[in-house]
file query_24.cif (mmCIF, C-alpha atoms and all ligand atoms)
data_start
loop_
_atom_site.label_atom_id
_atom_site.label_comp_id
_atom_site.auth_asym_id
_atom_site.auth_seq_id
_atom_site.Cartn_x
_atom_site.Cartn_y
_atom_site.Cartn_z
CA MET A 63 32.91 54.85 123.70
CA SER A 64 31.39 57.97 125.23
CA LEU A 65 27.62 58.06 125.69
CA SER A 66 25.39 60.27 123.58
CA ILE A 67 23.44 62.40 126.11
CA GLY A 68 21.25 65.41 125.51
CA ILE A 69 17.79 66.85 124.97
CA HIS A 70 15.32 64.08 124.15
CA ASP A 71 12.20 66.24 124.17
CA LEU A 72 11.41 69.94 124.63
CA SER A 73 8.05 71.59 125.30
CA PHE A 74 7.15 75.11 126.37
CA ALA A 75 4.29 77.11 127.84
CA THR A 76 3.69 80.82 128.17
CA GLY A 77 1.24 83.16 129.91
CA GLU A 78 -2.50 83.59 129.36
CA PHE A 79 -2.26 87.19 128.17
CA VAL A 80 -0.14 89.26 125.81
CA LEU A 81 0.61 92.98 125.71
CA PRO A 82 1.72 94.35 122.33
CA HIS A 83 4.57 96.84 122.53
CA THR A 84 2.43 99.27 120.52
CA ALA A 85 0.19 99.59 123.62
CA LEU A 86 3.17 100.22 125.92
CA ALA A 87 4.59 102.76 123.45
CA ALA A 88 1.24 104.59 123.23
CA HIS A 89 1.13 104.75 127.04
CA ASN A 90 4.64 106.08 127.61
CA GLY A 91 5.09 108.09 124.41
CA THR A 92 7.95 105.98 123.07
CA GLU A 93 8.59 105.89 119.33
CA ILE A 94 7.62 102.30 118.41
CA GLY A 95 10.83 101.86 116.39
CA LYS A 96 12.72 101.76 119.69
CA TYR A 97 10.82 98.60 120.68
CA HIS A 98 10.43 96.92 117.29
CA LEU A 99 13.94 97.69 115.99
CA GLY A 100 15.97 99.08 118.91
CA ILE A 101 15.37 96.20 121.32
CA GLY A 102 13.72 93.81 118.83
CA GLN A 103 10.49 93.12 120.74
CA GLU A 104 6.91 93.05 119.45
CA SER A 105 4.93 91.84 122.44
CA MET A 106 5.31 90.26 125.86
CA SER A 107 3.47 87.49 127.65
CA VAL A 108 1.68 88.52 130.82
CA PRO A 109 0.63 85.83 133.30
CA ALA A 110 -2.91 85.70 134.67
CA ALA A 111 -3.40 86.29 138.41
CA ASP A 112 -3.83 82.52 138.82
CA GLU A 113 -0.65 81.62 136.92
CA ASP A 114 2.90 81.49 138.25
CA ILE A 115 6.17 79.63 137.66
CA VAL A 116 4.58 76.41 138.96
CA THR A 117 1.54 76.42 136.67
CA LEU A 118 3.69 77.45 133.70
CA GLY A 119 6.28 74.76 134.52
CA ALA A 120 3.66 72.03 134.93
CA THR A 121 1.95 73.09 131.68
CA ALA A 122 5.28 72.88 129.83
CA ALA A 123 6.18 69.49 131.31
CA ALA A 124 2.79 67.72 131.04
CA PRO A 125 3.10 66.92 127.29
CA ILE A 126 6.54 65.38 127.93
CA ILE A 127 5.12 63.04 130.57
CA ALA A 128 2.16 62.25 128.28
CA ARG A 129 4.53 61.25 125.48
CA HIS A 130 7.25 59.40 127.37
CA GLY A 131 5.75 58.39 130.73
CA ALA A 132 7.60 59.02 133.99
CA GLU A 133 9.08 55.55 134.58
CA ARG A 134 12.69 56.57 133.88
CA ILE A 135 12.55 60.03 135.50
CA ARG A 136 14.24 59.92 138.91
CA THR A 137 15.22 63.59 139.13
CA VAL A 138 13.37 66.86 138.51
CA VAL A 139 15.48 70.02 138.45
CA PHE A 140 13.49 73.27 138.50
CA ALA A 141 15.44 76.34 137.45
CA THR A 142 14.07 79.79 138.21
CA GLU A 143 14.96 83.28 139.35
CA SER A 144 11.37 84.21 140.19
CA SER A 145 11.02 81.74 143.03
CA ILE A 146 7.72 81.60 144.96
CA ASP A 147 9.11 80.23 148.24
CA GLN A 148 12.39 80.67 150.11
CA ALA A 149 12.54 77.02 151.18
CA LYS A 150 10.32 74.68 149.20
CA SER A 151 11.26 73.89 145.61
CA ALA A 152 8.66 74.93 143.03
CA GLY A 153 9.54 71.58 141.45
CA VAL A 154 7.79 69.72 144.29
CA TYR A 155 4.48 71.37 143.35
CA VAL A 156 5.10 70.43 139.70
CA HIS A 157 5.96 66.87 140.74
CA SER A 158 2.63 66.70 142.56
CA LEU A 159 0.55 68.30 139.77
CA LEU A 160 2.02 65.84 137.26
CA GLY A 161 1.59 62.82 139.55
CA LEU A 162 5.26 61.80 139.32
CA PRO A 163 6.47 58.80 141.38
CA SER A 164 7.53 59.42 144.99
CA ALA A 165 10.92 57.81 144.20
CA THR A 166 12.14 61.08 142.66
CA ARG A 167 14.63 63.70 143.80
CA VAL A 168 13.43 67.26 143.24
CA VAL A 169 15.42 70.45 143.64
CA GLU A 170 15.30 74.12 142.66
CA LEU A 171 18.34 75.89 141.18
CA LYS A 172 19.09 79.59 140.97
CA GLN A 173 21.65 81.75 139.24
CA ALA A 174 19.61 84.34 137.37
CA CYS A 175 18.97 83.39 133.73
CA TYR A 176 21.80 80.83 133.76
CA GLY A 177 19.96 78.35 136.05
CA ALA A 178 18.48 76.18 133.29
CA THR A 179 21.89 75.56 131.76
CA ALA A 180 23.27 74.53 135.15
CA ALA A 181 20.26 72.19 135.41
CA LEU A 182 20.96 70.75 131.96
CA GLN A 183 24.63 70.14 132.77
CA PHE A 184 23.83 68.58 136.15
CA ALA A 185 21.24 66.39 134.42
CA ILE A 186 23.86 65.18 131.95
CA GLY A 187 26.12 64.26 134.89
CA LEU A 188 23.33 62.21 136.49
CA VAL A 189 22.57 60.40 133.23
CA GLN A 190 26.27 59.71 132.74
CA ARG A 191 26.28 57.98 136.12
CA ASP A 192 23.20 55.89 135.34
CA PRO A 193 22.22 55.89 131.64
CA ALA A 194 18.93 54.11 132.43
CA GLN A 195 17.64 57.27 134.11
CA GLN A 196 16.17 60.42 132.62
CA VAL A 197 16.08 63.88 134.19
CA LEU A 198 13.21 66.34 133.79
CA VAL A 199 14.57 69.89 133.61
CA VAL A 200 11.99 72.66 134.03
CA ALA A 201 13.02 76.30 133.48
CA SER A 202 10.22 78.69 134.44
CA ASP A 203 10.20 82.43 135.02
CA VAL A 204 8.06 85.52 135.17
CA SER A 205 10.16 88.56 134.30
CA LYS A 206 8.91 91.62 136.14
CA TYR A 207 10.35 95.13 136.35
CA GLU A 208 8.89 98.30 137.85
CA LEU A 209 6.08 99.97 135.91
CA ASP A 210 7.32 102.94 133.88
CA SER A 211 10.97 101.85 134.18
CA PRO A 212 13.29 101.20 131.18
CA GLY A 213 13.17 97.48 131.99
CA GLU A 214 9.38 97.37 131.61
CA ALA A 215 9.66 96.81 127.84
CA THR A 216 11.77 93.70 128.46
CA GLN A 217 9.34 91.69 130.59
CA GLY A 218 7.77 88.35 129.66
CA ALA A 219 6.93 84.90 131.03
CA ALA A 220 7.46 81.31 129.89
CA ALA A 221 8.53 77.85 130.96
CA VAL A 222 10.53 75.29 128.98
CA ALA A 223 10.59 71.63 130.01
CA MET A 224 13.30 69.32 128.68
CA LEU A 225 13.73 65.59 129.06
CA VAL A 226 17.42 64.74 129.32
CA GLY A 227 18.67 61.24 128.64
CA VAL A 228 20.86 58.95 126.52
CA ASP A 229 20.40 58.67 122.77
CA PRO A 230 18.46 61.94 122.65
CA ALA A 231 15.96 62.50 119.84
CA LEU A 232 16.72 66.23 119.40
CA VAL A 233 20.18 67.51 120.37
CA ARG A 234 23.28 65.75 121.70
CA ILE A 235 25.11 68.04 124.14
CA GLU A 236 28.90 68.03 123.78
CA ASP A 237 31.96 68.64 125.88
CA PRO A 238 33.70 70.97 126.51
CA SER A 239 32.01 74.00 128.01
CA GLY A 240 33.49 77.48 128.23
CA LEU A 241 32.81 78.98 131.68
CA PHE A 242 32.86 82.50 133.10
CA THR A 243 31.92 83.98 136.48
CA ALA A 244 32.30 87.61 137.60
CA ASP A 245 30.87 89.31 140.70
CA VAL A 246 28.90 92.19 139.13
CA MET A 247 25.71 94.00 140.23
CA ASP A 248 24.08 94.36 136.84
CA PHE A 249 20.72 92.80 137.77
CA TRP A 250 19.49 91.39 141.08
CA ARG A 251 16.34 90.97 143.17
CA PRO A 252 16.60 91.29 146.96
CA ASN A 253 14.33 88.90 148.90
CA TYR A 254 11.95 91.70 149.89
CA ARG A 255 11.27 92.76 146.30
CA GLU A 256 9.00 91.33 143.62
CA ALA A 257 10.45 93.33 140.74
CA ALA A 258 14.09 93.01 139.75
CA LEU A 259 16.58 95.85 140.08
CA VAL A 260 18.78 96.43 137.08
CA ASP A 261 21.45 98.71 135.74
CA GLY A 262 20.41 98.20 132.12
CA HIS A 263 23.44 99.51 130.30
CA GLU A 264 25.86 97.94 132.79
CA SER A 265 24.04 94.62 132.26
CA ILE A 266 24.60 94.76 128.50
CA GLY A 267 28.32 95.36 129.09
CA ALA A 268 28.46 92.54 131.65
CA TYR A 269 26.79 90.18 129.18
CA LEU A 270 29.31 91.07 126.45
CA GLN A 271 32.20 90.51 128.88
CA ALA A 272 30.78 87.09 129.59
CA VAL A 273 30.59 86.31 125.86
CA GLU A 274 34.33 86.99 125.61
CA GLY A 275 35.12 85.12 128.81
CA THR A 276 33.19 81.98 127.91
CA TRP A 277 34.54 81.90 124.36
CA LYS A 278 38.12 82.28 125.57
CA ASP A 279 37.69 79.38 127.97
CA TYR A 280 35.80 77.32 125.37
CA THR A 281 38.67 77.57 122.88
CA GLU A 282 41.26 76.88 125.61
CA GLN A 283 39.33 73.74 126.50
CA GLY A 284 39.63 72.56 122.87
CA GLY A 285 36.15 73.48 121.59
CA ARG A 286 34.99 73.84 118.00
CA THR A 287 35.88 76.77 115.77
CA LEU A 288 33.34 79.52 115.11
CA GLU A 289 32.89 78.48 111.46
CA GLU A 290 31.66 75.03 112.42
CA PHE A 291 28.40 76.26 113.95
CA ALA A 292 25.20 76.30 111.90
CA ALA A 293 23.48 78.69 114.33
CA PHE A 294 23.91 80.38 117.72
CA CYS A 295 21.30 80.26 120.50
CA TYR A 296 21.94 83.17 122.85
CA HIS A 297 20.16 84.14 126.05
CA GLN A 298 17.68 86.78 124.84
CA PRO A 299 16.52 89.31 127.44
CA PHE A 300 15.40 91.14 124.29
CA THR A 301 16.17 89.78 120.85
CA LYS A 302 18.54 92.60 119.86
CA MET A 303 20.84 91.41 122.65
CA ALA A 304 21.59 88.25 120.66
CA TYR A 305 22.70 90.44 117.74
CA LYS A 306 24.86 92.59 120.01
CA ALA A 307 26.41 89.46 121.51
CA HIS A 308 27.15 87.78 118.20
CA ARG A 309 28.61 90.94 116.69
CA HIS A 310 30.82 91.23 119.78
CA LEU A 311 31.96 87.62 119.47
CA LEU A 312 32.82 88.04 115.79
CA ASN A 313 34.79 91.21 116.53
CA TYR A 314 36.59 89.53 119.41
CA CYS A 315 37.59 86.70 117.07
CA GLY A 316 38.81 89.17 114.43
CA TYR A 317 35.97 88.66 111.92
CA ASP A 318 33.99 91.23 109.95
CA THR A 319 30.52 91.84 111.28
CA ASP A 320 28.58 91.23 108.08
CA GLU A 321 24.93 91.80 109.05
CA ALA A 322 23.66 89.19 106.56
CA VAL A 323 25.97 86.55 108.10
CA ILE A 324 24.79 87.51 111.60
CA ALA A 325 21.14 87.34 110.54
CA ARG A 326 21.71 83.85 109.09
CA ALA A 327 23.35 82.65 112.31
CA LEU A 328 20.63 84.04 114.59
CA GLY A 329 17.49 84.83 112.60
CA HIS A 330 15.45 81.73 113.35
CA THR A 331 16.36 81.71 117.05
CA THR A 332 14.57 84.95 117.87
CA ALA A 333 11.04 84.18 116.59
CA TYR A 334 9.53 83.04 119.91
CA ASN A 335 11.44 85.40 122.21
CA ARG A 336 10.40 88.37 120.06
CA VAL A 337 6.72 87.82 120.89
CA ILE A 338 7.05 86.24 124.37
CA GLY A 339 9.57 88.67 125.87
CA ASN A 340 12.21 87.86 128.46
CA SER A 341 11.64 84.43 129.97
CA TYR A 342 14.93 84.52 131.93
CA THR A 343 16.03 80.87 132.47
CA ALA A 344 13.86 79.58 129.62
CA SER A 345 15.05 82.07 127.02
CA VAL A 346 18.03 80.19 125.48
CA TYR A 347 15.89 77.08 125.08
CA LEU A 348 13.00 79.02 123.52
CA GLY A 349 15.68 80.12 121.06
CA LEU A 350 16.51 76.47 120.40
CA ALA A 351 12.81 75.56 119.98
CA ALA A 352 12.32 78.35 117.43
CA LEU A 353 15.47 77.36 115.56
CA LEU A 354 14.50 73.69 115.28
CA ASP A 355 10.90 74.53 114.33
CA ARG A 356 11.78 77.06 111.64
CA SER A 357 15.10 76.04 110.04
CA GLU A 358 15.83 73.91 107.04
CA ASP A 359 17.13 70.45 107.95
CA LEU A 360 19.82 70.78 110.63
CA THR A 361 20.65 67.08 110.94
CA GLY A 362 24.23 66.57 112.07
CA ARG A 363 24.87 70.31 112.35
CA PRO A 364 26.58 71.72 115.46
CA LEU A 365 24.73 74.51 117.31
CA ALA A 366 26.30 76.97 119.75
CA PHE A 367 24.63 77.94 123.04
CA LEU A 368 25.49 80.99 125.13
CA SER A 369 23.73 81.07 128.47
CA TYR A 370 24.12 84.24 130.56
CA GLY A 371 22.82 84.86 134.07
CA SER A 372 23.36 88.29 135.59
CA GLY A 373 25.47 88.54 138.64
CA SER A 374 27.11 86.83 136.67
CA VAL A 375 27.67 83.27 135.45
CA ALA A 376 27.81 82.24 131.80
CA GLU A 377 28.51 79.12 129.76
CA PHE A 378 29.26 78.55 126.08
CA PHE A 379 28.71 75.00 124.83
CA ALA A 380 27.80 73.06 121.73
CA GLY A 381 25.16 70.53 120.75
CA THR A 382 24.68 68.50 117.58
CA VAL A 383 21.27 68.02 116.02
CA VAL A 384 20.32 64.34 115.84
CA ALA A 385 19.06 62.52 112.70
CA GLY A 386 15.26 62.20 112.69
CA TYR A 387 14.78 65.15 115.07
CA ARG A 388 11.98 66.66 112.99
CA GLU A 389 9.62 63.80 113.84
CA HIS A 390 9.90 64.76 117.52
CA LEU A 391 9.32 68.52 117.27
CA ARG A 392 6.24 70.18 118.77
CA THR A 393 5.93 72.92 116.17
CA ASP A 394 2.11 73.04 116.13
CA ALA A 395 1.82 73.01 119.92
CA ASN A 396 4.47 75.74 120.14
CA ARG A 397 2.55 77.94 117.72
CA GLN A 398 -0.63 77.24 119.66
CA ALA A 399 0.99 78.22 123.00
CA ILE A 400 1.74 81.64 121.49
CA ASP A 401 -1.46 82.10 119.49
CA ARG A 402 -3.83 81.15 122.30
CA ARG A 403 -2.90 84.18 124.41
CA THR A 404 -5.55 86.87 124.83
CA GLU A 405 -4.40 90.39 124.02
CA VAL A 406 -4.83 92.90 126.84
CA ASP A 407 -4.81 96.68 126.71
CA TYR A 408 -2.44 98.76 128.79
CA ALA A 409 -4.90 99.32 131.67
CA ARG A 410 -5.57 95.57 132.03
CA TYR A 411 -1.84 94.80 131.90
CA ARG A 412 -1.23 97.38 134.64
CA ASP A 413 -3.87 95.73 136.85
CA LEU A 414 -2.26 92.33 136.29
CA HIS A 415 1.18 93.76 137.03
CA GLU A 416 -0.04 95.21 140.33
CA TRP A 417 -2.02 92.13 141.42
CA ARG A 418 -0.51 90.33 144.39
CA PHE A 419 -1.65 88.36 147.44
CA PRO A 420 -2.07 90.34 150.64
CA THR A 421 0.72 89.39 153.06
CA ASP A 422 -1.59 89.23 156.11
CA GLY A 423 -1.47 85.44 156.42
CA GLY A 424 -5.19 85.19 155.67
CA ASP A 425 -7.05 83.03 153.15
CA HIS A 426 -7.30 84.58 149.69
CA ALA A 427 -8.69 83.15 146.47
CA THR A 428 -7.26 84.19 143.11
CA PRO A 429 -9.59 85.41 140.37
CA GLU A 430 -10.23 82.65 137.85
CA GLN A 431 -8.50 83.89 134.70
CA THR A 432 -6.30 81.23 133.16
CA THR A 433 -7.70 78.75 130.66
CA GLY A 434 -4.62 76.52 131.06
CA PRO A 435 -4.53 73.02 132.57
CA PHE A 436 -3.22 74.16 135.98
CA ARG A 437 -4.04 77.14 138.16
CA LEU A 438 -3.00 78.77 141.40
CA ALA A 439 -6.36 78.76 143.19
CA GLY A 440 -5.35 80.82 146.19
CA ILE A 441 -3.44 80.94 149.43
CA SER A 442 -4.58 79.56 152.75
CA GLY A 443 -2.66 79.42 156.02
CA HIS A 444 0.40 80.75 154.12
CA LYS A 445 0.16 77.75 151.73
CA ARG A 446 -0.23 78.07 147.98
CA LEU A 447 -3.11 75.99 146.63
CA TYR A 448 -2.78 74.59 143.12
CA GLN A 449 -5.43 72.87 140.99
CA ALA A 450 -5.14 70.58 137.98
CA ARG A 451 -8.12 70.74 135.67
N1 LIG A 501 14.09 103.51 116.30
C1 LIG A 501 15.02 102.52 116.29
N2 LIG A 501 15.88 102.30 117.33
C2 LIG A 501 15.78 103.11 118.41
C3 LIG A 501 14.85 104.16 118.47
C4 LIG A 501 13.97 104.35 117.35
N3 LIG A 501 13.05 105.31 117.35
N4 LIG A 501 14.99 104.78 119.67
C5 LIG A 501 15.98 104.15 120.32
N5 LIG A 501 16.46 103.14 119.56
C6 LIG A 501 17.50 102.16 119.91
C7 LIG A 501 18.70 102.77 120.62
O1 LIG A 501 19.60 103.37 119.70
C8 LIG A 501 19.25 101.54 121.31
O2 LIG A 501 19.96 100.76 120.37
P1 LIG A 501 21.48 100.32 120.69
O3 LIG A 501 21.42 99.51 121.97
O4 LIG A 501 21.85 99.48 119.51
O5 LIG A 501 22.26 101.56 120.86
C9 LIG A 501 18.01 100.74 121.67
O6 LIG A 501 16.95 101.27 120.86
C10 LIG A 501 17.60 100.87 123.12
O7 LIG A 501 17.58 102.22 123.44
P2 LIG A 501 18.12 102.74 124.87
O8 LIG A 501 19.44 102.12 125.17
O9 LIG A 501 18.02 104.21 124.87
O10 LIG A 501 16.99 102.12 125.79
P3 LIG A 501 16.80 102.18 127.35
O11 LIG A 501 17.73 103.13 128.01
O12 LIG A 501 15.34 102.39 127.55
O13 LIG A 501 17.21 100.73 127.87
C11 LIG A 501 17.47 98.42 128.15
C12 LIG A 501 17.16 99.53 127.15
C13 LIG A 501 18.81 98.70 128.83
C14 LIG A 501 17.56 97.11 127.40
C15 LIG A 501 16.33 98.37 129.20
O14 LIG A 501 15.14 97.94 128.58
C16 LIG A 501 16.62 97.47 130.39
O15 LIG A 501 17.19 97.90 131.37
N6 LIG A 501 16.22 96.16 130.30
C17 LIG A 501 16.45 95.20 131.39
C18 LIG A 501 17.89 94.75 131.45
C19 LIG A 501 18.30 93.83 130.35
O16 LIG A 501 17.49 93.23 129.67
N7 LIG A 501 19.62 93.69 130.18
C20 LIG A 501 20.17 92.78 129.19
C21 LIG A 501 21.51 92.19 129.60
S1 LIG A 501 21.35 91.40 131.21
C22 LIG A 501 20.67 89.88 130.90
O17 LIG A 501 20.68 89.41 129.79
C23 LIG A 501 20.02 89.13 132.04
C24 LIG A 501 18.56 89.35 131.99
O18 LIG A 501 17.83 88.57 131.39
C25 LIG A 501 18.00 90.55 132.66
#

call {"tool": "encode", "arguments": {"input": "query_24.cif", "output": "structure tokens", "more": "lines below"}}
Ligand code: CAA
result
Amino acid sequence: MSLSIGIHDLSFATGEFVLPHTALAAHNGTEIGKYHLGIGQESMSVPAADEDIVTLGATAAAPIIARHGAERIRTVVFATESSIDQAKSAGVYVHSLLGLPSATRVVELKQACYGATAALQFAIGLVQRDPAQQVLVVASDVSKYELDSPGEATQGAAAVAMLVGVDPALVRIEDPSGLFTADVMDFWRPNYREAALVDGHESIGAYLQAVEGTWKDYTEQGGRTLEEFAAFCYHQPFTKMAYKAHRHLLNYCGYDTDEAVIARALGHTTAYNRVIGNSYTASVYLGLAALLDRSEDLTGRPLAFLSYGSGSVAEFFAGTVVAGYREHLRTDANRQAIDRRTEVDYARYRDLHEWRFPTDGGDHATPEQTTGPFRLAGISGHKRLYQAR
């Protein structure tokens, strides 16, 4: 009999600050309907100067360790596309901040926004090999585009931590997967740049191509039919993208694109992304968190996942919601992670966007801004210094 493996727990964290799109629209003279309706975004999380992918990742993962302990975790996979070091895995800092056992393998994975799904699939492989073990997957990103660029409205920041193991309490991940890779330059970030480069309209087309490609492979591999799915969790660089993607999939499969049907399939999945913004690797799994928190009972219902990472790699796969899952949700904590953010005005956001360490190799402290459990205290001798409170 095949093992039941999947997501046993899921917790997320987001930045200290939030910028409403009304403030961005007032600054750049954009009609607010373009943000609220056109791209489907209301606000975006903005990290404090003393937050980064490590502090966000550790904050997301800490409640999982508090609930389950670390005894069975022998692997930590950290997925990100906003890496803070070219060599050392951000996961090693998280491992240290959380006090995980030394008998752990830790690694960082990258393929744009797809990295967390690769991490999840690799985790399932490790658990398959030794069902006694659990894998901690951390997906953490700060999405940053140039000020006054079209991408600026699609920034955000968040981390999702997932505990992967046998007999999962939330979602059992199924075979097969539909896979798709194409060498496209729709979005990328050269090593010397902090902000991503993007061809926005090309990236939307590349995403839709990947929807087709993954679905084609998924059906060829013997996957479920479209009608079987209770809901679809798409990667959401902005929430309207999920609607574009689902409409495209329905058209590709020869179905009518009834907007009420699309809204039913996606509606609950967009609630967190709409106010957090693009969280890159974390975004699909924020969609899952919102769906589980907000839907009627989904016990036994199959869910579809479409993970897209520019460049590009994508995967379509299914998971089934496990009986009793509601007792394990973190709905209150999730609401609190969003509600605790302090709203900033445009000028403050701009300062935060422009804040960065000097690259002179000197010692520099960060301003104390975050109220979260972990902070990036500064840099000394080229080393990042983290603190747990
Ligand atoms: N009221 C309502 N809707 C309005 C409006 C108004 N007043 N004004 C404009 N709109 C609509 C437009 O009609 C358009 O809708 P459609 O896409 O349905 O046609 C929508 O608002 C956006 O308008 P534009 O296309 O004119 O906007 P833009 O040129 O400023 O670019 C963007 C939008 C391409 C998403 C840009 O924000 C961007 O480059 N973002 C970063 C790239 C990105 O997120 N790509 C997504 C796919 S790649 C990916 O998924 C990986 C990743 O995470 C980056």

call {"tool": "residues_around", "arguments": {"input": "query_24.cif", "residues": "region 144-148 of chain A", "least_positions_apart": "6", "cutoff": "8 Å", "atoms": "all atoms listed in the file", "output": "ChimeraX atom specification"}}
result
/A:115,203-205

call {"tool": "residues_near_ligand", "arguments": {"input": "query_24.cif", "ligand": "ligand LIG 501 (chain A)", "cutoff": "7 Å", "atoms": "all atoms listed in the file", "output": "ChimeraX atom specification"}}
result
/A:93-97,99-101,175,212-216,248-249,260-263,265-266,269,297-300,303,340,342,370-372

call {"tool": "residues_around", "arguments": {"input": "query_24.cif", "residues": "region 126-137 of chain A", "least_positions_apart": "2", "cutoff": "6 Å", "atoms": "all atoms listed in the file", "output": "list of chain:residue names"}}
result
A:Ala123, A:Ala124, A:Thr166, A:Arg167, A:Val168, A:Gln195, A:Gln196, A:Val197

call {"tool": "atom_distance", "arguments": {"input": "query_24.cif", "atom1": "CA of Ala409 (chain A)", "atom2": "CA of Thr92 (chain A)"}}
result
16.8 Å

call {"tool": "residues_around", "arguments": {"input": "query_24.cif", "residues": "Ala427 (chain A)", "least_positions_apart": "2", "cutoff": "9 Å", "atoms": "only C-alpha atoms", "output": "list in words"}}
result
Phe419, Asp425, Pro429, Glu430, Leu438, Ala439, Gly440, Ile441 and Ser442 of chain A

call {"tool": "write_last_selection", "arguments": {"input": "query_24.cif", "atoms": "C-alpha atoms", "output": "PDB file, in the frame of the given file"}}
result
ATOM      1  CA  PHE A 419      -1.650  88.360 147.440  1.00  0.00           C
ATOM      2  CA  ASP A 425      -7.050  83.030 153.150  1.00  0.00           C
ATOM      3  CA  PRO A 429      -9.590  85.410 140.370  1.00  0.00           C
ATOM      4  CA  GLU A 430     -10.230  82.650 137.850  1.00  0.00           C
ATOM      5  CA  LEU A 438      -3.000  78.770 141.400  1.00  0.00           C
ATOM      6  CA  ALA A 439      -6.360  78.760 143.190  1.00  0.00           C
ATOM      7  CA  GLY A 440      -5.350  80.820 146.190  1.00  0.00           C
ATOM      8  CA  ILE A 441      -3.440  80.940 149.430  1.00  0.00           C
ATOM      9  CA  SER A 442      -4.580  79.560 152.750  1.00  0.00           C
TER      10      SER A 442
END

call {"tool": "residues_around", "arguments": {"input": "query_24.cif", "residues": "region 209-211 of chain A", "least_positions_apart": "5", "cutoff": "12 Å", "atoms": "only C-alpha atoms", "output": "list in words"}}
result
Leu86, Ala87, His89, Asn90, Gly91, Thr92, Thr216, Gln217, Glu256, Ala257, Ala258, Leu259, Val260, Asp261, Gly262, Tyr408, Ala409, Tyr411, Arg412, Asp413, Leu414, His415 and Glu416 of chain A

call {"tool": "closest_residue", "arguments": {"input": "query_24.cif", "among": "A:Thr319, A:Thr276, A:Ser369, A:Thr432", "to": "Ala344 (chain A)", "atoms": "all atoms listed in the file"}}
result
A:Ser369

call {"tool": "closest_residue", "arguments": {"input": "query_24.cif", "among": "A:Gly423, A:Gly443, A:Pro435, A:Gly362", "to": "Leu159 (chain A)", "atoms": "only C-alpha atoms"}}
result
A:Pro435

call {"tool": "closest_residue", "arguments": {"input": "query_24.cif", "among": "A:Ala219, A:Leu447, A:Cys315, A:Leu160", "to": "Glu274 (chain A)", "atoms": "all atoms listed in the file"}}
result
A:Cys315

call {"tool": "atom_distance", "arguments": {"input": "query_24.cif", "atom1": "CA of Glu289 (chain A)", "atom2": "CA of Val222 (chain A)"}}
result
28.6 Å

call {"tool": "atom_distance", "arguments": {"input": "query_24.cif", "atom1": "CA of Asp229 (chain A)", "atom2": "CA of Ala185 (chain A)"}}
result
14.0 Å
